[in-house]
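Student: Quick one: this structure, given as structure tokens, is what I'll be asking you about.
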Amino acid sequence: MIGPNVTNSKAVEESRLPRRDWFLLPLLSLLTICCLIAGSELTARGLFEWRPGVQNCVVLNDPLGQHGIPNSVCREKEPETSTVEYRFNSCGHRTGMECGPKPDGSYRIVLTGSSLAMGLRVTREETIAALLPTELSLRTGRKIELYNTAVAVMEGGTPRSVALRFDDVLAAKPDMVLWILGPWDIEHVSTLYVEQKRSSAARPVSLVQKVMQYRDQVVSLSPHAINEAIIDVFHRSRTALLLQHYMYENQSLYVKHFLIGSDESQGFLKAEPSAALKSKMQQFDRYTAEIAGRTKAAGVPLVAVFLPNRAQAAMISRGEWPDDYDPFELDLALRDIVTRHGGVYVDILPDFRNVPNPEVHYFPVDGHPNASGHAVISEMLARALTNGAIPELRAASAPPAESEKGN
Amino acid sequence: MDAASFQFVLFGLCAAIVSNMRSSPAWRSVVLFLTSLVFLELLSHNPIVLLPLAGFLLLGYAGLILIRRGWLRSAAGSILAVILVYVWLKKYSFLPDETFLRVPYFTLGLSYIFFRVLQLLIRAGDGSEKRQVGFGAYLLYTLNFTTLVSGPIQRYDEFARDQFSAEPIALGPRVIGLQLERIVRGLFKVNVVAMLLQAVHEDAVAQMSQPLPLTHKLTAAFTLAVAYPFFLYSNFSGYIDIVIALARLMRVRLPENFDRPFSASSFLDFWNRWHITLSTWLKNYVYNPLLLALTRRTSSKALTPFFGVLSFFVTFFLVGIWHGRTSEFAFFGVLQGGGVAINKLWQIGMARVLGRNGCKALAKNPIYIAFGRGLTFSWFAFSLIWFWAGWKQIDKVFSSIRAVQWLGVWLAIWLCATVVLAFWEWLREGLLSIGAAERPLLTNRYVRVVYASALGLVVFVMTVLLNQPAPDIVYKAF
């Protein structure tokens with residue numbers, strides 16, 4: 001890059017660099033990068049320990065949907081969470097009671113759904129399933145218990161598997177069925193976990209094997225794909241997780257990042273749903289029709305509620321979003337489907353307007369609600385269920401004032 | 001192509017490589033001209049939208065020719081015409097809406113071109129620019145892609161000295177290494193620091209209108225005020241770092257635009273360190289002529305210092321007006337002008353009370369300097385509210401807590417800025433004192449390579465992780 005006419009003495013002086021520096025400087029640069037990568041990864045692994053475990057207590061590949069292994073206990077430590085115990089009763093449900101008939105005089109809610117309903121990443125005592133009956137009992141003055149049939153670890157608990165395992169729900173003799181839905185349930189409306197996925201996902205892979213896998217991928221791919229592979233490797237690192245964890249604590253950064261994601265993950269927030277989402281809604285309609293038909297036949301009310309994901313909750317709380325987005329759009333569509341099939345739809349999304357910084361109630365990278373999130377949602381749900389939507393659960397006294405919401 | 005993106009840097013590096021294939025001024029000028037045209041095309045997407053800009057450039061050059069040939073008695077007419085057309089193209093709100101062009105057109109960089117054109121006209125008018133500026137050189141100077149989007153505002157003589165020299169300035173491995181380091185630093189400032197600070201600022205603004213406890217709101221008020229100056233500095237100076245380095249690789253030295261502005265101990269000093277090329281331009285072509293004109297009109301010596309105050313106010317009020325066409329920017333200008341005017345009055349007052357020697361002694365007092373630095377930062381942070389927010393949002397932000405609480409927030413900002421900036425100055429001095437006095441350890445090329453590699457890695461990691469474009473260069477909008 002040095003021009004041919006650069007002949008003045010200053011230029012000569014400028015162009016001189018000790019010969020050793022031509023090797024030393026790039027080596028130093030490489031060494032710095034390697035040290036930083038290794039150092040940050042080791043630090044991240046120390047800070048964000050990961051010990052998977054819950055899948056050992058769940059039959060993942062049952063063609064009739066996932067269910068817990070009866071009387072099993074597993075512990076799991078996800079990078080963002082503390083160690084969580086998953087204890088399943090003799091019927092394979094994560095609920096704080098044995099399966100069997102409800103006590104006399106009590107009102108039994110049977111909960112179903114995916115990981116949100118199961119309380120994944122949170123100790124059972126802090127889940128909606130544990131908090132909601134206490135809230136409802138306080139508000140109604142009735143003895144209310146909640147039996148949780150939701151089991152969802154890997155792609156489990158989708159509307160399709162809820163419909164497939166609905167016998168479990170009815171076997172618990174509910175007075176009311178509460179179906180908790182989230183954006184993930186619509187995105188994966190008819191997904192069923194299959195053995196192949198389990199074998200690749202759950203089998204431990206050594207670091208050497210991982211490196212070999214990537215080497216094979218890299219060798220066989222184009223430069224663009226190599227770039228993608230490097231990015232993919234980075235995304236799987238604990239450093240990436242650590243950085244994401246802290247950066248996603250910032251609301252605007254997280255929401256912006258979420259909204260530039262794939263259509264599959266953020267398409268449900270669009271004001272105008274895509275053809276793929278419309279098709280999924282049609283499938284949801286079919287499963288809802290099936291579930292609602294069975295609850296109707298059993299003479300039990302079906303109550304469905306939609307819980308927002310982290311980005312959606314943040315957008316609602318902030319009250320602003322890009323023009324082509326509408327965080328309420330999916331909620332309205334679900335309400336239409338559920339009520340059309342005779343179910344009761346409980347709408348708690350607008351309540352998030354009164355929750356400042358709702359993203360703190362979710363694990364930043366994992367995306368599931370944390371303990372405080374379960375508490376906030378339980379309170380919202382209790383308020384919504386006792387405001388007359390379910391006559392049996394009408395509040396005994398006046399509901400708490402609006403100002404108490406969300407704090 | 002974003003102004004401080006990897007694509008822009010790659011584009012600039014390619015241009016630099018091609019430009020350095022031959023050292024003849026003609027070759028380097030052709031390369032610069034073609035890359036500038038390609039850059040304009042990449043930004044505008046449609047050549048038709050460039051027509052008003054082309055018209056503006058032609059008007060400026062026509063004015064230049066008229067002055068050169070002596071067909072105009074003074075440069076005032078052409079300067080006025082250029083100012084009027086600029087104001088019209090920028091759609092300043094005091095002009096009737098019906099007069100504006102209805103078709104969409106390209107104004108990116110117009111404000112910076114405006115300064116370059118005005119400078120040529122003024123210098124041609126007063127005879128200080130002896131050289132003939134050919135049309136090619138004029139286009140090269142005004143459309144130079146390294147200074148097009150957000151400056152720095154380079155003088156023509158400085159540009160011509162490097163661009164048209166038969167023996168271009170040296171470019172050895174050391175210089176290349178330093179420029180690459182500067183590019184990495186610029187990318188880090190824009191893509192990491194500015195991006196994070198913008199997110200922090202946006203969150204704080206949103207929190208002001210949320211039902212949060214008072215302590216949270218006070219923290220948010222503090223954060224929104226403090227984060228923005230640092231964001232703006234990272235955003236703008238990061239971009240300037242990139243373009244200065246790219247231009248240097250093309251063997252053109254661009255003027256520096258920043259000199260550690262938050263180290264300034266007074267608002268007058270601040271404007272010697274912040275957007276230096278803009279303030280210097282305005283001092284040369286507004287402040288000095290205005291002060292001269294005012295002092296010529298009166299023989300009273302007692303009034304002379306106050307003419308300085310008035311000239312400062314007018315000059316820095318124009319800084320605000322230049323930034324935008326809305327009343328918010330006019331108020332921003334009042335705050336800038338007010339800041340420098342009060343600062344000047346304070347200096348006059350202190351000189352009268354303490355005498356010249358007393359003033360000098362006070363100016364060297366580290367505590368006085370630290371508090372002055374804190375106050376300068378606080379005032380700038382306060383004035384910037386009219387820079388980033390509209391009246392509606394300003395009302396929302398200010399009404400979210402009581403006036404007395406805001407007062408407490410600004411007091412806290414002043415005190416914190418005093419302590420933190422003093423600590424930073426002390427730390428910086430300490431770090432730079434490690435090693436030999438003439439060559440501190442931190443400026444050693446081995447340390448610089450380590451530092452640049454680390455910054456580069458962070459930029460890569462953040463870009464991959466967030467997968468979103470960095471915030472736009474704020475000064476691109478002006």
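Residues in the structure tokens are numbered from 1 in each chain, the chains being A, B, ... in the order shown, and ligands are numbered from 1 in the order shown.
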Once you count only C-alpha atoms, which residues of chain B turn out to be within 8 Å of chain A? Could you give them as a PyMOL selection string?
Tutor: chain B and resi 17+20-23+167-175+196+199-200+202-203+206-207+210-212+446+449-450+453-454+457+464-468
Student: Please produce a file of the residues just selected, as a compact mmCIF listing (two decimals), in the first residue's frame, where the atoms kept are N, CA and C atoms.
Tutor:
```
# COMPACT_ATOMS: atom_id res chain seq x y z
N ILE B 17 -6.74 1.31 -0.79
CA ILE B 17 -5.80 0.42 -1.50
C ILE B 17 -5.65 0.87 -2.95
N ASN B 20 -3.77 4.12 -3.36
CA ASN B 20 -2.32 4.03 -3.12
C ASN B 20 -1.57 3.23 -4.19
N MET B 21 -2.30 2.75 -5.20
CA MET B 21 -1.61 2.01 -6.26
C MET B 21 -0.69 2.93 -7.07
N ARG B 22 -1.09 4.19 -7.15
CA ARG B 22 -0.22 5.19 -7.78
C ARG B 22 -0.23 6.42 -6.90
N SER B 23 0.86 7.16 -6.94
CA SER B 23 0.90 8.31 -6.04
C SER B 23 0.61 9.62 -6.75
N GLU B 167 3.94 15.16 -4.07
CA GLU B 167 4.59 14.17 -3.19
C GLU B 167 3.67 13.95 -1.99
N PRO B 168 2.85 12.93 -2.06
CA PRO B 168 1.86 12.76 -0.99
C PRO B 168 2.48 12.46 0.36
N ILE B 169 1.72 12.69 1.39
CA ILE B 169 2.26 12.46 2.74
C ILE B 169 2.57 10.98 2.93
N ALA B 170 3.54 10.73 3.81
CA ALA B 170 4.07 9.37 3.99
C ALA B 170 3.01 8.42 4.56
N LEU B 171 3.16 7.18 4.16
CA LEU B 171 2.24 6.16 4.67
C LEU B 171 3.03 4.86 4.87
N GLY B 172 3.64 4.75 6.03
CA GLY B 172 4.43 3.56 6.34
C GLY B 172 3.64 2.59 7.21
N PRO B 173 4.23 1.45 7.54
CA PRO B 173 3.53 0.46 8.35
C PRO B 173 3.09 1.00 9.71
N ARG B 174 3.90 1.86 10.28
CA ARG B 174 3.52 2.42 11.57
C ARG B 174 2.23 3.23 11.45
N VAL B 175 2.20 4.08 10.41
CA VAL B 175 1.00 4.92 10.21
C VAL B 175 -0.20 4.03 9.91
N LEU B 196 -24.82 0.45 23.50
CA LEU B 196 -25.24 0.14 24.87
C LEU B 196 -25.76 1.39 25.57
N ALA B 199 -29.21 2.25 24.46
CA ALA B 199 -30.20 1.36 25.07
C ALA B 199 -30.48 1.78 26.51
N VAL B 200 -29.42 2.14 27.22
CA VAL B 200 -29.59 2.58 28.62
C VAL B 200 -30.42 3.87 28.65
N GLU B 202 -32.57 4.99 26.36
CA GLU B 202 -33.97 4.72 25.96
C GLU B 202 -34.77 4.10 27.11
N ASP B 203 -34.13 3.18 27.83
CA ASP B 203 -34.80 2.55 28.97
C ASP B 203 -35.14 3.58 30.04
N ALA B 206 -38.05 5.69 29.00
CA ALA B 206 -39.31 4.93 29.13
C ALA B 206 -39.73 4.80 30.58
N GLN B 207 -38.75 4.63 31.46
CA GLN B 207 -39.08 4.45 32.88
C GLN B 207 -39.69 5.71 33.50
N GLN B 210 -43.37 5.39 33.55
CA GLN B 210 -43.95 4.16 34.08
C GLN B 210 -44.29 4.33 35.57
N PRO B 211 -45.24 3.54 36.05
CA PRO B 211 -45.61 3.66 37.47
C PRO B 211 -44.55 3.05 38.38
N LEU B 212 -43.46 3.77 38.56
CA LEU B 212 -42.35 3.27 39.37
C LEU B 212 -42.22 4.08 40.66
N TYR B 446 3.29 -2.51 21.04
CA TYR B 446 2.87 -3.85 21.47
C TYR B 446 1.60 -3.75 22.31
N VAL B 449 -1.30 -3.02 20.08
CA VAL B 449 -1.80 -4.18 19.33
C VAL B 449 -2.71 -5.02 20.23
N VAL B 450 -2.28 -5.21 21.48
CA VAL B 450 -3.10 -5.97 22.43
C VAL B 450 -4.46 -5.27 22.61
N SER B 453 -6.59 -5.46 19.42
CA SER B 453 -7.10 -6.82 19.20
C SER B 453 -8.27 -7.10 20.13
N ALA B 454 -8.12 -6.67 21.39
CA ALA B 454 -9.20 -6.89 22.36
C ALA B 454 -10.46 -6.12 21.94
N LEU B 457 -12.09 -7.82 18.98
CA LEU B 457 -12.83 -9.03 19.37
C LEU B 457 -14.18 -8.66 19.99
N VAL B 464 -22.07 -10.00 16.42
CA VAL B 464 -22.67 -11.32 16.21
C VAL B 464 -23.83 -11.54 17.19
N LEU B 465 -23.59 -11.13 18.41
CA LEU B 465 -24.56 -11.40 19.47
C LEU B 465 -25.84 -10.61 19.30
N LEU B 466 -25.71 -9.34 19.03
CA LEU B 466 -26.91 -8.51 18.96
C LEU B 466 -27.53 -8.53 17.58
N ASN B 467 -26.72 -8.84 16.58
CA ASN B 467 -27.25 -9.00 15.23
C ASN B 467 -28.16 -7.86 14.81
N GLN B 468 -27.77 -6.65 15.17
CA GLN B 468 -28.58 -5.50 14.77
C GLN B 468 -27.65 -4.34 14.42
```
Student: List the spatial neighbours of segment 378-381 of chain B as a PDB file with N, CA and C atoms, in the first residue's frame - criterion: any atom at most 12 Å away, only C-alpha atoms, same-chain residues fewer than 5 positions off excluded.
Tutor:
```
ATOM      1  N   ALA B 221     -34.022   9.454  35.946  1.00  0.00           N
ATOM      2  CA  ALA B 221     -33.767  10.850  35.553  1.00  0.00           C
ATOM      3  C   ALA B 221     -32.262  11.100  35.483  1.00  0.00           C
ATOM      4  N   PHE B 222     -31.562  10.604  36.480  1.00  0.00           N
ATOM      5  CA  PHE B 222     -30.101  10.745  36.517  1.00  0.00           C
ATOM      6  C   PHE B 222     -29.479  10.047  35.296  1.00  0.00           C
ATOM      7  N   THR B 223     -29.952   8.826  35.042  1.00  0.00           N
ATOM      8  CA  THR B 223     -29.377   8.028  33.950  1.00  0.00           C
ATOM      9  C   THR B 223     -29.627   8.667  32.589  1.00  0.00           C
ATOM     10  N   LEU B 224     -30.872   9.105  32.357  1.00  0.00           N
ATOM     11  CA  LEU B 224     -31.183   9.665  31.029  1.00  0.00           C
ATOM     12  C   LEU B 224     -30.365  10.924  30.748  1.00  0.00           C
ATOM     13  N   ALA B 225     -30.098  11.690  31.817  1.00  0.00           N
ATOM     14  CA  ALA B 225     -29.312  12.917  31.616  1.00  0.00           C
ATOM     15  C   ALA B 225     -27.842  12.597  31.388  1.00  0.00           C
ATOM     16  N   VAL B 226     -27.328  11.624  32.105  1.00  0.00           N
ATOM     17  CA  VAL B 226     -25.892  11.330  32.055  1.00  0.00           C
ATOM     18  C   VAL B 226     -25.517  10.476  30.836  1.00  0.00           C
ATOM     19  N   ALA B 227     -26.405   9.553  30.477  1.00  0.00           N
ATOM     20  CA  ALA B 227     -26.053   8.602  29.404  1.00  0.00           C
ATOM     21  C   ALA B 227     -25.941   9.292  28.041  1.00  0.00           C
ATOM     22  N   TYR B 228     -26.789  10.287  27.794  1.00  0.00           N
ATOM     23  CA  TYR B 228     -26.841  10.835  26.434  1.00  0.00           C
ATOM     24  C   TYR B 228     -25.545  11.537  25.999  1.00  0.00           C
ATOM     25  N   PRO B 229     -24.930  12.397  26.842  1.00  0.00           N
ATOM     26  CA  PRO B 229     -23.678  13.017  26.384  1.00  0.00           C
ATOM     27  C   PRO B 229     -22.612  11.983  26.027  1.00  0.00           C
ATOM     28  N   PHE B 230     -22.529  10.920  26.829  1.00  0.00           N
ATOM     29  CA  PHE B 230     -21.531   9.888  26.542  1.00  0.00           C
ATOM     30  C   PHE B 230     -21.891   9.120  25.274  1.00  0.00           C
ATOM     31  N   PHE B 231     -23.205   8.889  25.100  1.00  0.00           N
ATOM     32  CA  PHE B 231     -23.656   8.224  23.866  1.00  0.00           C
ATOM     33  C   PHE B 231     -23.274   9.067  22.653  1.00  0.00           C
ATOM     34  N   LEU B 232     -23.614  10.356  22.734  1.00  0.00           N
ATOM     35  CA  LEU B 232     -23.374  11.238  21.591  1.00  0.00           C
ATOM     36  C   LEU B 232     -21.876  11.323  21.277  1.00  0.00           C
ATOM     37  N   TYR B 233     -21.098  11.389  22.331  1.00  0.00           N
ATOM     38  CA  TYR B 233     -19.646  11.454  22.140  1.00  0.00           C
ATOM     39  C   TYR B 233     -19.142  10.170  21.463  1.00  0.00           C
ATOM     40  N   PRO B 261     -13.440  16.139  25.260  1.00  0.00           N
ATOM     41  CA  PRO B 261     -14.313  17.260  25.649  1.00  0.00           C
ATOM     42  C   PRO B 261     -14.747  17.246  27.112  1.00  0.00           C
ATOM     43  N   PHE B 262     -14.876  16.036  27.707  1.00  0.00           N
ATOM     44  CA  PHE B 262     -15.348  16.014  29.094  1.00  0.00           C
ATOM     45  C   PHE B 262     -14.236  16.333  30.087  1.00  0.00           C
ATOM     46  N   ALA B 264     -12.898  19.263  29.757  1.00  0.00           N
ATOM     47  CA  ALA B 264     -12.958  20.730  29.751  1.00  0.00           C
ATOM     48  C   ALA B 264     -13.421  21.235  31.115  1.00  0.00           C
ATOM     49  N   SER B 265     -12.737  22.272  31.597  1.00  0.00           N
ATOM     50  CA  SER B 265     -13.103  22.781  32.919  1.00  0.00           C
ATOM     51  C   SER B 265     -14.035  23.987  32.840  1.00  0.00           C
ATOM     52  N   SER B 266     -14.357  24.422  31.624  1.00  0.00           N
ATOM     53  CA  SER B 266     -15.348  25.495  31.472  1.00  0.00           C
ATOM     54  C   SER B 266     -16.094  25.266  30.152  1.00  0.00           C
ATOM     55  N   PHE B 267     -17.244  25.927  30.028  1.00  0.00           N
ATOM     56  CA  PHE B 267     -18.047  25.714  28.828  1.00  0.00           C
ATOM     57  C   PHE B 267     -17.353  26.290  27.598  1.00  0.00           C
ATOM     58  N   LEU B 268     -16.599  27.378  27.802  1.00  0.00           N
ATOM     59  CA  LEU B 268     -15.833  27.939  26.674  1.00  0.00           C
ATOM     60  C   LEU B 268     -14.764  26.944  26.224  1.00  0.00           C
ATOM     61  N   PHE B 270     -14.937  23.784  26.705  1.00  0.00           N
ATOM     62  CA  PHE B 270     -15.635  22.619  26.142  1.00  0.00           C
ATOM     63  C   PHE B 270     -15.800  22.773  24.624  1.00  0.00           C
ATOM     64  N   TRP B 271     -16.196  23.973  24.218  1.00  0.00           N
ATOM     65  CA  TRP B 271     -16.420  24.174  22.780  1.00  0.00           C
ATOM     66  C   TRP B 271     -15.122  24.294  21.965  1.00  0.00           C
ATOM     67  N   TRP B 274     -15.083  20.093  21.604  1.00  0.00           N
ATOM     68  CA  TRP B 274     -16.232  19.343  21.095  1.00  0.00           C
ATOM     69  C   TRP B 274     -16.586  19.867  19.708  1.00  0.00           C
ATOM     70  N   PHE B 332     -32.007  24.880  22.109  1.00  0.00           N
ATOM     71  CA  PHE B 332     -30.694  24.259  22.348  1.00  0.00           C
ATOM     72  C   PHE B 332     -29.597  25.300  22.079  1.00  0.00           C
ATOM     73  N   GLY B 333     -29.800  26.076  21.023  1.00  0.00           N
ATOM     74  CA  GLY B 333     -28.847  27.132  20.690  1.00  0.00           C
ATOM     75  C   GLY B 333     -28.798  28.201  21.767  1.00  0.00           C
ATOM     76  N   LEU B 335     -29.373  27.742  24.884  1.00  0.00           N
ATOM     77  CA  LEU B 335     -28.647  27.168  26.022  1.00  0.00           C
ATOM     78  C   LEU B 335     -27.139  27.117  25.758  1.00  0.00           C
ATOM     79  N   GLN B 336     -26.762  26.821  24.517  1.00  0.00           N
ATOM     80  CA  GLN B 336     -25.326  26.817  24.193  1.00  0.00           C
ATOM     81  C   GLN B 336     -24.781  28.240  24.274  1.00  0.00           C
ATOM     82  N   GLY B 337     -25.489  29.167  23.606  1.00  0.00           N
ATOM     83  CA  GLY B 337     -25.078  30.580  23.619  1.00  0.00           C
ATOM     84  C   GLY B 337     -25.070  31.116  25.034  1.00  0.00           C
ATOM     85  N   GLY B 338     -26.141  30.784  25.786  1.00  0.00           N
ATOM     86  CA  GLY B 338     -26.246  31.220  27.184  1.00  0.00           C
ATOM     87  C   GLY B 338     -25.078  30.676  28.001  1.00  0.00           C
ATOM     88  N   GLY B 339     -24.750  29.424  27.780  1.00  0.00           N
ATOM     89  CA  GLY B 339     -23.653  28.785  28.525  1.00  0.00           C
ATOM     90  C   GLY B 339     -22.330  29.485  28.319  1.00  0.00           C
ATOM     91  N   VAL B 340     -21.982  29.733  27.054  1.00  0.00           N
ATOM     92  CA  VAL B 340     -20.683  30.381  26.792  1.00  0.00           C
ATOM     93  C   VAL B 340     -20.710  31.850  27.230  1.00  0.00           C
ATOM     94  N   ILE B 342     -22.506  33.190  29.711  1.00  0.00           N
ATOM     95  CA  ILE B 342     -22.400  33.257  31.187  1.00  0.00           C
ATOM     96  C   ILE B 342     -20.971  32.930  31.613  1.00  0.00           C
ATOM     97  N   ASN B 343     -20.388  31.970  30.937  1.00  0.00           N
ATOM     98  CA  ASN B 343     -19.004  31.601  31.232  1.00  0.00           C
ATOM     99  C   ASN B 343     -18.070  32.802  31.018  1.00  0.00           C
ATOM    100  N   PHE B 371     -14.652  21.093  39.922  1.00  0.00           N
ATOM    101  CA  PHE B 371     -16.059  21.530  39.985  1.00  0.00           C
ATOM    102  C   PHE B 371     -16.484  22.169  38.659  1.00  0.00           C
ATOM    103  N   GLY B 372     -15.553  22.900  38.055  1.00  0.00           N
ATOM    104  CA  GLY B 372     -15.841  23.501  36.745  1.00  0.00           C
ATOM    105  C   GLY B 372     -16.112  22.433  35.698  1.00  0.00           C
ATOM    106  N   ARG B 373     -15.354  21.360  35.757  1.00  0.00           N
ATOM    107  CA  ARG B 373     -15.524  20.249  34.815  1.00  0.00           C
ATOM    108  C   ARG B 373     -16.888  19.588  35.016  1.00  0.00           C
ATOM    109  N   TRP B 386     -32.846  19.141  24.840  1.00  0.00           N
ATOM    110  CA  TRP B 386     -33.552  19.757  23.693  1.00  0.00           C
ATOM    111  C   TRP B 386     -32.972  19.279  22.364  1.00  0.00           C
ATOM    112  N   PHE B 387     -31.943  18.520  22.461  1.00  0.00           N
ATOM    113  CA  PHE B 387     -31.281  17.966  21.282  1.00  0.00           C
ATOM    114  C   PHE B 387     -31.918  16.629  20.924  1.00  0.00           C
ATOM    115  N   TRP B 388     -32.228  15.812  21.954  1.00  0.00           N
ATOM    116  CA  TRP B 388     -32.751  14.470  21.657  1.00  0.00           C
ATOM    117  C   TRP B 388     -34.260  14.337  21.805  1.00  0.00           C
ATOM    118  N   LEU B 407     -34.102  19.356  40.586  1.00  0.00           N
ATOM    119  CA  LEU B 407     -32.979  20.159  41.077  1.00  0.00           C
ATOM    120  C   LEU B 407     -31.973  19.269  41.808  1.00  0.00           C
ATOM    121  N   VAL B 409     -31.604  16.099  41.303  1.00  0.00           N
ATOM    122  CA  VAL B 409     -30.965  15.231  40.303  1.00  0.00           C
ATOM    123  C   VAL B 409     -29.792  15.964  39.652  1.00  0.00           C
ATOM    124  N   TRP B 410     -30.002  17.221  39.267  1.00  0.00           N
ATOM    125  CA  TRP B 410     -28.924  17.972  38.599  1.00  0.00           C
ATOM    126  C   TRP B 410     -27.767  18.264  39.543  1.00  0.00           C
ATOM    127  N   LEU B 411     -28.116  18.486  40.806  1.00  0.00           N
ATOM    128  CA  LEU B 411     -27.066  18.685  41.805  1.00  0.00           C
ATOM    129  C   LEU B 411     -26.233  17.408  41.938  1.00  0.00           C
ATOM    130  N   ALA B 412     -26.930  16.280  41.951  1.00  0.00           N
ATOM    131  CA  ALA B 412     -26.238  14.982  42.059  1.00  0.00           C
ATOM    132  C   ALA B 412     -25.361  14.750  40.823  1.00  0.00           C
ATOM    133  N   ILE B 413     -25.888  15.134  39.661  1.00  0.00           N
ATOM    134  CA  ILE B 413     -25.102  14.962  38.424  1.00  0.00           C
ATOM    135  C   ILE B 413     -23.831  15.808  38.498  1.00  0.00           C
ATOM    136  N   TRP B 414     -23.993  17.041  38.952  1.00  0.00           N
ATOM    137  CA  TRP B 414     -22.831  17.932  39.062  1.00  0.00           C
ATOM    138  C   TRP B 414     -21.768  17.319  39.988  1.00  0.00           C
ATOM    139  N   LEU B 415     -22.218  16.897  41.175  1.00  0.00           N
ATOM    140  CA  LEU B 415     -21.270  16.339  42.145  1.00  0.00           C
ATOM    141  C   LEU B 415     -20.622  15.053  41.621  1.00  0.00           C
ATOM    142  N   CYS B 416     -21.440  14.170  41.060  1.00  0.00           N
ATOM    143  CA  CYS B 416     -20.909  12.897  40.537  1.00  0.00           C
ATOM    144  C   CYS B 416     -19.931  13.154  39.392  1.00  0.00           C
ATOM    145  N   ALA B 417     -20.324  14.069  38.486  1.00  0.00           N
ATOM    146  CA  ALA B 417     -19.451  14.371  37.345  1.00  0.00           C
ATOM    147  C   ALA B 417     -18.132  14.953  37.844  1.00  0.00           C
ATOM    148  N   THR B 418     -18.216  15.790  38.871  1.00  0.00           N
ATOM    149  CA  THR B 418     -16.999  16.387  39.440  1.00  0.00           C
ATOM    150  C   THR B 418     -16.053  15.291  39.926  1.00  0.00           C
ATOM    151  N   LEU B 421     -15.145  12.516  36.881  1.00  0.00           N
ATOM    152  CA  LEU B 421     -14.248  13.048  35.847  1.00  0.00           C
ATOM    153  C   LEU B 421     -12.876  13.398  36.420  1.00  0.00           C
TER     154      LEU B 421
END
```
Student: Just want the 12 Å neighbourhood of Thr339 of chain A, counted on only C-alpha atoms, with same-chain residues fewer than 5 positions away dropped. Output as a PDB file with C-alpha atoms, in the first residue's frame.
Tutor:
```pdb
ATOM      1  CA  ASP A 285     -58.564 -24.052  16.277  1.00  0.00           C
ATOM      2  CA  THR A 288     -59.197 -26.289  20.838  1.00  0.00           C
ATOM      3  CA  ALA A 289     -62.375 -27.668  19.306  1.00  0.00           C
ATOM      4  CA  ALA A 292     -63.457 -27.852  24.385  1.00  0.00           C
ATOM      5  CA  PRO A 301     -65.702 -25.262  32.147  1.00  0.00           C
ATOM      6  CA  LEU A 302     -62.590 -24.752  30.055  1.00  0.00           C
ATOM      7  CA  VAL A 303     -60.685 -21.555  30.836  1.00  0.00           C
ATOM      8  CA  ALA A 304     -57.815 -20.526  28.627  1.00  0.00           C
ATOM      9  CA  VAL A 305     -55.307 -17.786  29.331  1.00  0.00           C
ATOM     10  CA  LEU A 332     -57.467 -11.314  20.344  1.00  0.00           C
ATOM     11  CA  ALA A 333     -57.281 -14.151  17.825  1.00  0.00           C
ATOM     12  CA  LEU A 334     -56.977 -16.743  20.592  1.00  0.00           C
ATOM     13  CA  VAL A 344     -63.882 -18.954  28.695  1.00  0.00           C
ATOM     14  CA  TYR A 345     -60.981 -16.748  27.760  1.00  0.00           C
ATOM     15  CA  VAL A 346     -59.261 -14.849  30.537  1.00  0.00           C
ATOM     16  CA  ASP A 347     -57.376 -11.841  29.231  1.00  0.00           C
TER      17      ASP A 347
END
```
Student: Atom CA of Cys359 of chain B to atom CA of Lys283 of chain B: how many Å, to one decimal?
Tutor: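 Interatomic distance, atom CA of Cys359 of chain B to atom CA of Lys283 of chain B: 24.3 Å.
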Student: Where in segment 243-339 of chain A does DSSP assign alpha helix (DSSP H), given as number ranges by chain?
Tutor: A: 243-247, 251-259, 263-266, 275-297, 310-318, 329-339
